[in-house]
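Raw structure33.cif, mmCIF, C-alpha atoms:
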```cif
data_query
loop_
_atom_site.label_atom_id
_atom_site.label_comp_id
_atom_site.auth_asym_id
_atom_site.auth_seq_id
_atom_site.Cartn_x
_atom_site.Cartn_y
_atom_site.Cartn_z
CA MET A 30 120.91 74.65 83.72
CA LEU A 31 117.12 74.43 83.51
CA ASN A 32 115.56 73.37 86.80
CA ASP A 33 112.10 71.83 86.27
CA THR A 34 109.55 72.50 88.97
CA LYS A 35 105.80 72.18 88.84
CA THR A 36 103.51 74.96 89.97
CA GLY A 37 100.02 75.10 88.59
CA ARG A 38 96.82 77.01 89.16
CA GLY A 39 95.40 76.68 92.63
CA GLY A 40 98.82 76.36 94.28
CA PRO A 41 99.64 76.95 97.93
CA PHE A 42 97.54 80.07 98.42
CA PRO A 43 97.16 80.85 102.14
CA GLN A 44 94.09 82.12 103.94
CA SER A 45 96.20 85.06 105.17
CA GLY A 46 99.71 86.29 104.44
CA LEU A 47 101.89 85.29 101.51
CA SER A 48 103.33 81.99 100.35
CA PHE A 49 106.12 81.26 97.91
CA PRO A 50 106.33 78.37 95.42
CA HIS A 51 110.14 78.70 95.56
CA ASP A 52 112.13 79.53 98.66
CA ALA A 53 115.18 80.68 96.68
CA PRO A 54 115.81 82.28 93.28
CA PRO A 55 117.67 80.60 90.43
CA PRO A 56 121.42 81.30 90.48
CA THR A 57 122.76 83.67 87.85
CA GLY A 58 122.88 81.92 84.49
CA GLU A 59 120.26 79.31 85.41
CA LEU A 60 116.55 79.05 84.65
CA VAL A 61 113.57 77.73 86.62
CA GLU A 62 110.24 76.76 85.08
CA ILE A 63 108.05 78.78 87.44
CA ALA A 64 104.86 77.67 85.62
CA PRO A 65 104.36 75.44 82.58
CA GLY A 66 105.92 77.25 79.63
CA ILE A 67 107.24 80.18 81.70
CA LEU A 68 110.90 80.40 82.73
CA TRP A 69 112.37 82.59 85.45
CA THR A 70 115.92 83.87 85.76
CA ARG A 71 117.67 86.75 87.49
CA ILE A 72 120.06 89.41 86.22
CA PRO A 73 122.44 90.96 88.80
CA LEU A 74 122.31 94.71 89.53
CA PRO A 75 125.13 96.75 91.14
CA PHE A 76 122.81 98.33 93.72
CA ARG A 77 121.36 97.60 97.14
CA LEU A 78 118.50 95.90 95.28
CA ASP A 79 120.92 93.55 93.59
CA HIS A 80 118.82 91.81 90.93
CA VAL A 81 115.94 92.08 88.48
CA ASN A 82 113.67 89.19 87.56
CA ILE A 83 113.47 88.16 83.92
CA PHE A 84 110.64 85.96 82.63
CA LEU A 85 110.57 84.06 79.34
CA ILE A 86 107.24 82.92 77.91
CA GLU A 87 107.07 80.01 75.48
CA ASP A 88 106.26 81.47 72.07
CA GLY A 89 106.00 78.86 69.34
CA ASP A 90 109.53 77.73 68.49
CA GLY A 91 111.14 80.20 70.89
CA TRP A 92 110.78 82.43 73.93
CA ALA A 93 109.33 85.90 74.40
CA VAL A 94 111.44 87.86 76.89
CA VAL A 95 110.05 90.14 79.62
CA ASP A 96 112.56 92.86 80.68
CA THR A 97 116.34 93.05 80.26
CA GLY A 98 118.53 94.37 83.09
CA ILE A 99 120.70 97.50 82.90
CA SER A 100 123.15 98.34 80.16
CA ASN A 101 126.55 97.12 81.31
CA GLN A 102 128.97 94.41 80.26
CA PRO A 103 128.08 91.91 83.03
CA THR A 104 124.44 91.99 81.90
CA ARG A 105 125.45 91.38 78.28
CA ASP A 106 127.60 88.49 79.44
CA VAL A 107 124.69 86.89 81.31
CA TRP A 108 122.45 87.10 78.24
CA ASP A 109 125.12 85.67 75.96
CA ALA A 110 125.65 82.79 78.41
CA LEU A 111 121.91 82.08 78.66
CA VAL A 112 121.50 82.00 74.89
CA ALA A 113 124.56 79.79 74.45
CA GLY A 114 123.63 77.55 77.39
CA PRO A 115 120.15 76.71 78.75
CA LEU A 116 118.33 78.54 75.92
CA ALA A 117 120.44 76.99 73.13
CA GLY A 118 118.39 75.61 70.26
CA ARG A 119 115.38 77.92 70.82
CA ARG A 120 115.37 81.45 69.48
CA LEU A 121 114.24 84.61 71.27
CA THR A 122 111.10 85.86 69.50
CA ARG A 123 110.29 89.31 70.93
CA LEU A 124 111.12 91.61 73.82
CA ILE A 125 108.41 92.94 76.14
CA VAL A 126 109.50 95.78 78.44
CA THR A 127 107.29 96.63 81.42
CA HIS A 128 108.51 100.17 82.11
CA TYR A 129 111.23 102.69 81.38
CA HIS A 130 113.45 102.27 84.45
CA PRO A 131 116.97 101.22 83.38
CA ASP A 132 116.95 97.91 85.26
CA HIS A 133 114.03 96.85 83.05
CA ILE A 134 114.68 98.61 79.73
CA GLY A 135 118.39 99.39 79.93
CA LEU A 136 119.63 96.67 77.59
CA ALA A 137 116.62 96.70 75.25
CA GLY A 138 118.40 98.42 72.36
CA TRP A 139 121.31 95.98 72.49
CA MET A 140 119.06 92.94 72.78
CA CYS A 141 116.82 93.98 69.90
CA GLU A 142 119.86 94.42 67.66
CA ARG A 143 121.82 91.42 68.95
CA PHE A 144 118.94 88.93 68.68
CA GLU A 145 116.85 90.71 65.99
CA LEU A 146 113.85 91.19 68.28
CA PRO A 147 110.84 93.48 67.93
CA LEU A 148 110.27 95.67 71.00
CA LEU A 149 106.84 95.79 72.67
CA THR A 150 106.19 98.30 75.44
CA SER A 151 103.99 101.23 76.42
CA GLN A 152 104.32 104.53 74.62
CA THR A 153 105.31 106.21 77.88
CA ALA A 154 108.09 103.69 78.49
CA TYR A 155 109.43 104.09 74.96
CA LEU A 156 109.37 107.90 74.95
CA GLY A 157 110.64 108.13 78.53
CA CYS A 158 113.65 105.99 77.70
CA ILE A 159 114.29 107.94 74.48
CA ASN A 160 114.31 111.14 76.53
CA ILE A 161 116.86 109.70 78.96
CA SER A 162 119.03 108.42 76.12
CA LEU A 163 119.06 111.75 74.29
CA SER A 164 119.52 113.92 77.40
CA PRO A 165 121.50 111.96 80.00
CA GLY A 166 122.54 115.17 81.77
CA ALA A 167 119.11 116.79 81.82
CA MET A 168 118.54 116.24 85.54
CA GLU A 169 121.65 118.32 86.28
CA ALA A 170 120.08 121.48 84.81
CA LYS A 171 119.71 124.51 87.06
CA PRO A 172 115.87 124.43 87.28
CA TYR A 173 116.02 120.88 88.63
CA ARG A 174 118.77 121.67 91.11
CA ASP A 175 116.76 124.71 92.23
CA PHE A 176 113.80 122.39 92.84
CA TYR A 177 115.83 120.50 95.44
CA LEU A 178 117.14 123.72 96.99
CA ARG A 179 113.66 125.21 97.21
CA HIS A 180 112.51 122.24 99.29
CA GLY A 181 115.26 122.41 101.85
CA MET A 182 118.32 120.63 100.50
CA SER A 183 121.74 122.12 101.11
CA GLU A 184 123.75 123.32 98.11
CA GLU A 185 126.22 120.47 98.60
CA THR A 186 123.55 117.76 98.83
CA ALA A 187 121.58 119.15 95.87
CA ALA A 188 124.74 119.11 93.75
CA ILE A 189 125.38 115.47 94.69
CA VAL A 190 121.80 114.33 94.07
CA SER A 191 121.48 116.14 90.74
CA THR A 192 124.72 114.61 89.41
CA GLN A 193 125.81 111.36 91.08
CA GLY A 194 122.31 110.46 92.22
CA HIS A 195 121.04 110.30 88.64
CA GLY A 196 123.84 108.18 87.21
CA TYR A 197 121.41 105.27 87.27
CA LEU A 198 119.33 106.96 84.56
CA ARG A 199 122.25 106.72 82.12
CA MET A 200 122.37 102.92 82.23
CA VAL A 201 120.44 102.47 78.97
CA THR A 202 121.27 101.71 75.35
CA PRO A 203 119.52 103.64 72.54
CA LEU A 204 116.23 102.01 71.65
CA PRO A 205 115.20 100.74 68.21
CA LEU A 206 113.69 103.42 65.98
CA SER A 207 110.28 101.74 66.10
CA PHE A 208 108.31 99.68 68.61
CA GLY A 209 105.00 97.88 69.09
CA ARG A 210 102.74 99.75 71.48
CA LEU A 211 101.04 97.89 74.34
CA VAL A 212 97.90 99.55 75.70
CA ALA A 213 95.76 98.66 78.71
CA GLY A 214 92.72 96.74 77.52
CA ASP A 215 94.60 94.99 74.71
CA THR A 216 94.97 91.22 74.48
CA LEU A 217 98.46 89.91 73.77
CA VAL A 218 98.78 86.35 72.45
CA ILE A 219 102.10 84.66 73.24
CA GLY A 220 102.38 81.06 72.11
CA GLY A 221 99.21 79.37 73.28
CA ARG A 222 98.43 81.93 75.98
CA ARG A 223 96.22 85.01 75.92
CA PHE A 224 97.34 87.81 78.21
CA ASP A 225 95.20 90.76 79.20
CA VAL A 226 97.33 93.92 79.07
CA LEU A 227 96.99 96.14 82.13
CA SER A 228 98.87 99.27 83.11
CA GLY A 229 99.68 100.70 86.51
CA ASP A 230 100.99 104.03 87.69
CA GLY A 231 102.86 105.56 90.59
CA HIS A 232 106.12 103.63 90.40
CA ALA A 233 106.44 104.31 86.68
CA PRO A 234 103.86 105.86 84.36
CA GLU A 235 101.95 103.38 82.19
CA GLN A 236 103.81 100.39 83.61
CA ILE A 237 102.74 97.29 81.69
CA MET A 238 101.42 94.22 83.52
CA LEU A 239 100.11 90.99 81.98
CA TYR A 240 97.41 88.64 83.25
CA ALA A 241 96.73 85.17 81.81
CA SER A 242 93.27 84.26 83.13
CA ASP A 243 93.37 80.65 81.89
CA ASP A 244 96.47 80.00 84.01
CA ASN A 245 95.77 82.62 86.71
CA LEU A 246 99.23 84.13 86.23
CA PHE A 247 99.93 87.80 86.89
CA LEU A 248 103.17 89.38 85.66
CA ALA A 249 103.11 92.35 88.02
CA ALA A 250 106.38 94.09 87.06
CA ASP A 251 107.32 96.39 89.98
CA GLN A 252 103.77 97.33 90.95
CA VAL A 253 103.43 94.61 93.62
CA LEU A 254 106.55 93.14 95.26
CA ALA A 255 106.49 90.59 98.07
CA LYS A 256 108.76 92.06 100.75
CA ILE A 257 109.74 95.57 99.67
CA THR A 258 107.78 98.56 98.48
CA PRO A 259 108.46 99.95 95.00
CA ASN A 260 109.83 103.46 94.94
CA ILE A 261 107.10 106.10 94.51
CA SER A 262 108.67 109.43 93.64
CA VAL A 263 107.95 113.01 92.70
CA TRP A 264 110.55 114.23 90.22
CA ALA A 265 111.51 117.79 89.37
CA VAL A 266 110.06 117.39 85.87
CA ASP A 267 106.54 117.06 87.39
CA PRO A 268 106.85 118.86 90.75
CA GLU A 269 103.13 118.95 91.54
CA GLY A 270 102.45 115.34 90.53
CA ASP A 271 100.67 112.82 92.76
CA PRO A 272 102.35 109.47 92.04
CA LEU A 273 101.38 108.05 95.44
CA GLY A 274 97.69 108.76 94.81
CA LEU A 275 98.03 107.09 91.41
CA TYR A 276 99.85 104.13 92.94
CA ILE A 277 97.15 103.50 95.56
CA ARG A 278 94.50 103.83 92.86
CA SER A 279 96.37 101.22 90.79
CA LEU A 280 96.59 98.80 93.74
CA ASN A 281 92.86 99.05 94.29
CA ALA A 282 92.26 98.44 90.57
CA ILE A 283 94.48 95.32 90.72
CA ARG A 284 92.45 93.95 93.63
CA ASP A 285 89.26 94.57 91.65
CA ARG A 286 90.60 92.98 88.45
CA ILE A 287 92.92 90.09 89.42
CA PRO A 288 91.80 87.12 91.56
CA ALA A 289 93.28 86.83 95.03
CA ASP A 290 94.77 83.40 94.29
CA ALA A 291 96.77 84.42 91.20
CA LEU A 292 100.43 83.45 91.03
CA VAL A 293 102.29 86.77 91.05
CA LEU A 294 105.48 87.02 88.98
CA PRO A 295 107.10 90.29 90.14
CA GLY A 296 110.00 92.34 88.79
CA HIS A 297 112.09 91.71 91.91
CA GLN A 298 112.24 89.17 94.74
CA LEU A 299 110.33 85.88 94.79
CA PRO A 300 107.12 84.93 92.96
CA PHE A 301 104.28 84.59 95.46
CA TYR A 302 100.65 83.92 96.24
CA GLY A 303 98.64 86.41 98.27
CA LEU A 304 98.07 89.30 95.86
CA HIS A 305 95.18 91.00 97.63
CA THR A 306 96.88 90.70 101.00
CA ARG A 307 100.03 92.30 99.64
CA CYS A 308 98.15 95.15 97.97
CA GLY A 309 96.53 95.90 101.32
CA GLU A 310 99.89 95.80 103.11
CA LEU A 311 101.38 98.25 100.61
CA ILE A 312 98.51 100.70 101.06
CA ASP A 313 98.81 100.42 104.87
CA HIS A 314 102.57 100.99 104.63
CA HIS A 315 102.10 104.31 102.87
CA GLU A 316 99.37 105.40 105.26
CA GLU A 317 101.75 104.71 108.15
CA ARG A 318 104.38 106.91 106.48
CA CYS A 319 101.81 109.67 106.12
CA ASP A 320 101.12 109.39 109.86
CA ARG A 321 104.83 109.85 110.58
CA ILE A 322 104.94 112.98 108.44
CA VAL A 323 101.91 114.43 110.24
CA GLU A 324 103.62 113.78 113.60
CA ALA A 325 106.80 115.51 112.44
CA CYS A 326 104.97 118.54 111.05
CA ALA A 327 102.80 118.80 114.17
CA GLN A 328 105.99 119.65 116.08
CA GLY A 329 106.66 122.62 113.81
CA PRO A 330 106.92 123.54 110.12
CA ARG A 331 109.20 121.30 108.08
CA SER A 332 110.65 121.42 104.59
CA VAL A 333 110.52 118.28 102.45
CA ALA A 334 114.25 117.71 103.09
CA GLU A 335 113.73 118.03 106.85
CA LEU A 336 111.13 115.26 106.70
CA LEU A 337 113.60 112.66 105.37
CA PRO A 338 114.65 111.39 108.84
CA ALA A 339 111.00 110.73 109.72
CA ILE A 340 110.86 108.15 106.92
CA PHE A 341 114.52 107.24 106.29
CA PRO A 342 116.47 107.53 109.56
CA ARG A 343 119.62 105.74 108.37
CA PRO A 344 122.47 107.38 106.37
CA LEU A 345 121.92 107.36 102.60
CA ASP A 346 124.35 107.38 99.69
CA PRO A 347 123.69 109.76 96.72
CA HIS A 348 121.79 107.11 94.73
CA GLN A 349 119.56 106.34 97.74
CA LEU A 350 119.22 110.00 98.73
CA SER A 351 117.76 111.06 95.39
CA PHE A 352 115.09 108.35 95.60
CA ALA A 353 114.39 108.97 99.31
CA PHE A 354 113.88 112.71 98.87
CA SER A 355 111.59 112.14 95.91
CA GLU A 356 109.59 109.50 97.77
CA VAL A 357 109.07 111.79 100.77
CA HIS A 358 107.91 114.45 98.34
CA ALA A 359 105.39 111.96 96.88
CA HIS A 360 103.85 111.54 100.32
CA VAL A 361 103.81 115.31 100.81
CA ASN A 362 101.98 115.94 97.53
CA PHE A 363 99.50 113.16 98.32
CA MET A 364 98.83 114.65 101.76
CA LEU A 365 98.50 118.18 100.40
CA ARG A 366 95.74 116.93 98.09
CA ARG A 367 94.01 115.16 100.98
CA GLY A 368 94.22 118.29 103.15
CA GLN A 369 96.49 116.72 105.79
CA LEU A 370 99.28 119.22 105.13
CA ALA A 371 99.45 122.86 104.03
CA TRP A 372 102.27 125.14 102.94
CA GLU A 373 103.34 127.55 105.67
CA ASP A 374 105.18 129.88 103.28
CA ALA A 375 104.98 129.51 99.50
CA LYS A 376 108.21 131.47 98.93
CA ALA A 377 110.32 129.25 101.22
CA PRO A 378 108.15 126.11 101.28
CA MET A 379 107.60 124.81 104.78
CA LEU A 380 104.88 122.32 105.62
CA ARG A 381 102.53 122.32 108.57
CA ALA A 382 100.11 119.66 109.68
CA VAL A 383 96.39 120.36 109.33
CA LEU A 384 95.00 118.94 112.55
CA GLY A 385 91.46 118.33 113.68
#
```
Could I get this file's structure written as C-alpha cells?
Amino acid sequence: MLNDTKTGRGGPFPQSGLSFPHDAPPPTGELVEIAPGILWTRIPLPFRLDHVNIFLIEDGDGWAVVDTGISNQPTRDVWDALVAGPLAGRRLTRLIVTHYHPDHIGLAGWMCERFELPLLTSQTAYLGCINISLSPGAMEAKPYRDFYLRHGMSEETAAIVSTQGHGYLRMVTPLPLSFGRLVAGDTLVIGGRRFDVLSGDGHAPEQIMLYASDDNLFLAADQVLAKITPNISVWAVDPEGDPLGLYIRSLNAIRDRIPADALVLPGHQLPFYGLHTRCGELIDHHEERCDRIVEACAQGPRSVAELLPAIFPRPLDPHQLSFAFSEVHAHVNFMLRRGQLAWEDAKAPMLRAVLG
C-alpha cells in the first residue's frame, strides 16, 4: 500500500528541539511518500535496533533505491513483496548504498543481480564490504583477539566478542564486480533532482549523504539520527584511530553546509526537522561520556574494558558487547589526543586522568 502524505519545504521546523512530519513509520511492506517523489519504507532487522530505513527516489520511469537491509531470507521476501505490490509497474533503476555496514549494504549483491541494477557507493564502502565478504572470519584472528585482551578483556569475553560478536559482519552477499564511485563534491542527478554528494566519517568511513538544495532534503544515512546516537567505534584493524574526532568534525561540517530547516531522512528512526539542534545534542552527548570516563579514571587507573560500566551499566549480549567496548575505546583515543587521558603503563595499558 502506498500512503500519500504531503510534506514540502518549509515544513514544521521548530525554534528549538525536533519535530517529525510522521509520528509513526510505515508498516513492513508499505510505502509512504515522505516528500514529493521520494518514498520511505522500512526493512526489519533481527537486532535491538530492529529496522533500517529505505528511501526510493523517483528516477524517470522507475525508482532509485537507497540502501538494502541485511542478507537474509526475510529481507529478500520484503523486497520481492514490494516489487510485486506497491512498486509494481515501475522498475528499479539503480542502487545507492550509503556505507558498508551490513544493514545498509548486506543485500546489495542480490539486489543488483535480481533487479539488474548498477551499484553506486563510495570506494571505501565497496572495498570494505568486499573485504568482509572474502574474509568473514578475519576478526577472529589471534592479533585481533590479543587487542581485546591487551585492553582488559577476560579470555572468555574476548573469545565471545571475536567470534559471536562479529556474526553481524557476515550478513552480506558478494557485491557486483564493478560499481559506480560516489565522491564528496560530486553532483548526482536522479530524475529531476540534483543531489550534492557529501561524505561523513566516524560511524563508517566515507559514508555517503545526499543533499537536494532545491527541495531542502538531506539523506543523512546514519550520521544524524533523531533519538539514538550512531555507534562510533575503534576496531582492532585500526587500533590508534580517532573515529570520534572524525565524527564530531563531520557534524560540524554538516551544520556549516546544510540549512537548519532541512528535512532529514535518516538511516533509522523517523524523518525529522531540527538538524542543527540534533548535531549539537550529539556532540554534547559524547562530551558527557568523556566526562564520565575522566571521573572513573580520576578514582584510579582503568583499562578500556574496566571503563565499560561507566558508559554502559546494563548487561550486554555478545553483539552489544563488541560494539560497546569499541565505542568506549573511541572515546579513549579521542581523549588521549586531547590530553585528557594518558597511559599509565604501555605494556599493560591502564588509563589515568590528566587533571588540572
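With distances restricted to all atoms listed in the file, A:Asp96 is the closest residue to Tyr129 (chain A) from A:Asp285, A:Asp96, A:Asp346, A:Glu62.
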*Ground truth for the PyMOL selection byres ((chain A and resi 256) around 12), written as a ChimeraX atom specification*: /A:46-49,78,251,253-255,257-259,295,297-301,303,306-308,310-311,314
*What's the 9 Å shell around region 79-91 of chain A, counting all atoms listed in the file, without same-chain residues fewer than 2 positions away, as a VMD selection string?*
chain A and resid 65 to 77 93 to 98 116 118 to 123 132 to 133 218 to 222 248 250 294 to 299
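For the pair CA of Arg105 (chain A) and CA of Leu198 (chain A), the interatomic distance is 17.9 Å.
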*Choose the residue, out of A:Arg199, A:His358, A:Lys171, A:Arg143, that has the smallest atom-to-atom separation from Ser332 (chain A); count only C-alpha atoms.*
A:His358
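If you apply the PyMOL selection byres ((chain A and resi 228-243) around 6) to this structure, you end up with Thr127, His128, Ala213, Arg223, Phe224, Asp225, Val226, Leu227, Asp244, Asn245, Leu246, Phe247, Leu248, Ala249, Asn260, Ile261, Pro272, Leu273, Leu275, Tyr276 and Ser279 of chain A.
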*Please evaluate the PyMOL selection byres ((chain A and resi 175-187) around 12) against the structure above and give the resulting residues as a PyMOL selection string.*
chain A and resi 168-174+188-195+263-269+330-337+345-348+350-351+354-355+357-358+361+372+374-380
Which residues are near Ala289 (chain A)? Cut-off 9 Å, only C-alpha atoms, ignore same chain within fewer than 3 positions. Put them as a PDB file with C-alpha atoms, in the frame of the given file.
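Printed below is out33.pdb as written:
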```
ATOM      1  CA  PHE A  42      97.540  80.070  98.420  1.00  0.00           C
ATOM      2  CA  ARG A 284      92.450  93.950  93.630  1.00  0.00           C
ATOM      3  CA  LEU A 292     100.430  83.450  91.030  1.00  0.00           C
ATOM      4  CA  TYR A 302     100.650  83.920  96.240  1.00  0.00           C
ATOM      5  CA  GLY A 303      98.640  86.410  98.270  1.00  0.00           C
ATOM      6  CA  LEU A 304      98.070  89.300  95.860  1.00  0.00           C
ATOM      7  CA  HIS A 305      95.180  91.000  97.630  1.00  0.00           C
ATOM      8  CA  THR A 306      96.880  90.700 101.000  1.00  0.00           C
TER       9      THR A 306
END
```
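Excluding region 317-329 of chain A itself and any same-chain residue fewer than 2 positions from it, the protein and nucleic acid residues within 9 Å of it, counting all atoms listed in the file, are Ile312, Asp313, His314, His315, Arg331, Leu336, Ala339, Ile340, Val357, His360, Val361, Phe363, Met364, Gln369, Leu370, Leu380, Arg381, Ala382, Val383 and Leu384 of chain A.
Reported to one decimal place, the separation of CA of Pro342 (chain A) from CA of Arg366 (chain A) is 25.5 Å.
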Could you work out an axis-aligned bounding box for all listed atoms of region 168-186 of chain A, with 6 Å added on each of the six sides, and give its centre and edge lengths in Å to one decimal, as lines of an AutoDock Vina configuration file?
```
center_x = 119.4
center_y = 120.7
center_z = 93.3
size_x = 25.7
size_y = 21.0
size_z = 29.0
```
*Between CA of Ile159 (chain A) and CA of Gly138 (chain A) - distance in Å to one decimal*: 10.6 Å
Completion of region 356-372 of chain A up to N, CA and C atoms, as an mmCIF file, keeping the file's coordinate frame:
```
data_model
loop_
_atom_site.group_PDB
_atom_site.id
_atom_site.type_symbol
_atom_site.label_atom_id
_atom_site.label_comp_id
_atom_site.auth_asym_id
_atom_site.auth_seq_id
_atom_site.Cartn_x
_atom_site.Cartn_y
_atom_site.Cartn_z
ATOM 1 N N GLU A 356 110.689 110.281 97.199
ATOM 2 C CA GLU A 356 109.590 109.500 97.770
ATOM 3 C C GLU A 356 108.913 110.262 98.900
ATOM 4 N N VAL A 357 109.686 110.945 99.742
ATOM 5 C CA VAL A 357 109.070 111.790 100.770
ATOM 6 C C VAL A 357 108.181 112.840 100.113
ATOM 7 N N HIS A 358 108.692 113.423 99.031
ATOM 8 C CA HIS A 358 107.910 114.450 98.340
ATOM 9 C C HIS A 358 106.605 113.857 97.783
ATOM 10 N N ALA A 359 106.619 112.602 97.358
ATOM 11 C CA ALA A 359 105.390 111.960 96.880
ATOM 12 C C ALA A 359 104.346 111.892 97.991
ATOM 13 N N HIS A 360 104.784 111.562 99.196
ATOM 14 C CA HIS A 360 103.850 111.540 100.320
ATOM 15 C C HIS A 360 103.333 112.938 100.627
ATOM 16 N N VAL A 361 104.216 113.925 100.557
ATOM 17 C CA VAL A 361 103.810 115.310 100.810
ATOM 18 C C VAL A 361 102.736 115.748 99.818
ATOM 19 N N ASN A 362 102.961 115.527 98.525
ATOM 20 C CA ASN A 362 101.980 115.940 97.530
ATOM 21 C C ASN A 362 100.645 115.223 97.708
ATOM 22 N N PHE A 363 100.710 113.940 98.047
ATOM 23 C CA PHE A 363 99.500 113.160 98.320
ATOM 24 C C PHE A 363 98.739 113.757 99.499
ATOM 25 N N MET A 364 99.468 114.115 100.554
ATOM 26 C CA MET A 364 98.830 114.650 101.760
ATOM 27 C C MET A 364 98.333 116.074 101.563
ATOM 28 N N LEU A 365 99.008 116.854 100.737
ATOM 29 C CA LEU A 365 98.500 118.180 100.400
ATOM 30 C C LEU A 365 97.148 118.072 99.709
ATOM 31 N N ARG A 366 96.999 117.117 98.805
ATOM 32 C CA ARG A 366 95.740 116.930 98.090
ATOM 33 C C ARG A 366 94.644 116.432 99.018
ATOM 34 N N ARG A 367 95.008 115.673 100.028
ATOM 35 C CA ARG A 367 94.010 115.160 100.980
ATOM 36 C C ARG A 367 93.708 116.164 102.087
ATOM 37 N N GLY A 368 94.446 117.282 102.128
ATOM 38 C CA GLY A 368 94.220 118.290 103.150
ATOM 39 C C GLY A 368 94.857 117.984 104.490
ATOM 40 N N GLN A 369 95.804 117.032 104.538
ATOM 41 C CA GLN A 369 96.490 116.720 105.790
ATOM 42 C C GLN A 369 97.658 117.661 106.066
ATOM 43 N N LEU A 370 98.186 118.264 105.018
ATOM 44 C CA LEU A 370 99.280 119.220 105.130
ATOM 45 C C LEU A 370 98.899 120.496 104.394
ATOM 46 N N ALA A 371 99.596 121.589 104.744
ATOM 47 C CA ALA A 371 99.450 122.860 104.030
ATOM 48 C C ALA A 371 100.802 123.545 104.026
ATOM 49 N N TRP A 372 101.020 124.377 103.003
ATOM 50 C CA TRP A 372 102.270 125.140 102.940
ATOM 51 C C TRP A 372 102.199 126.289 103.930
#
```
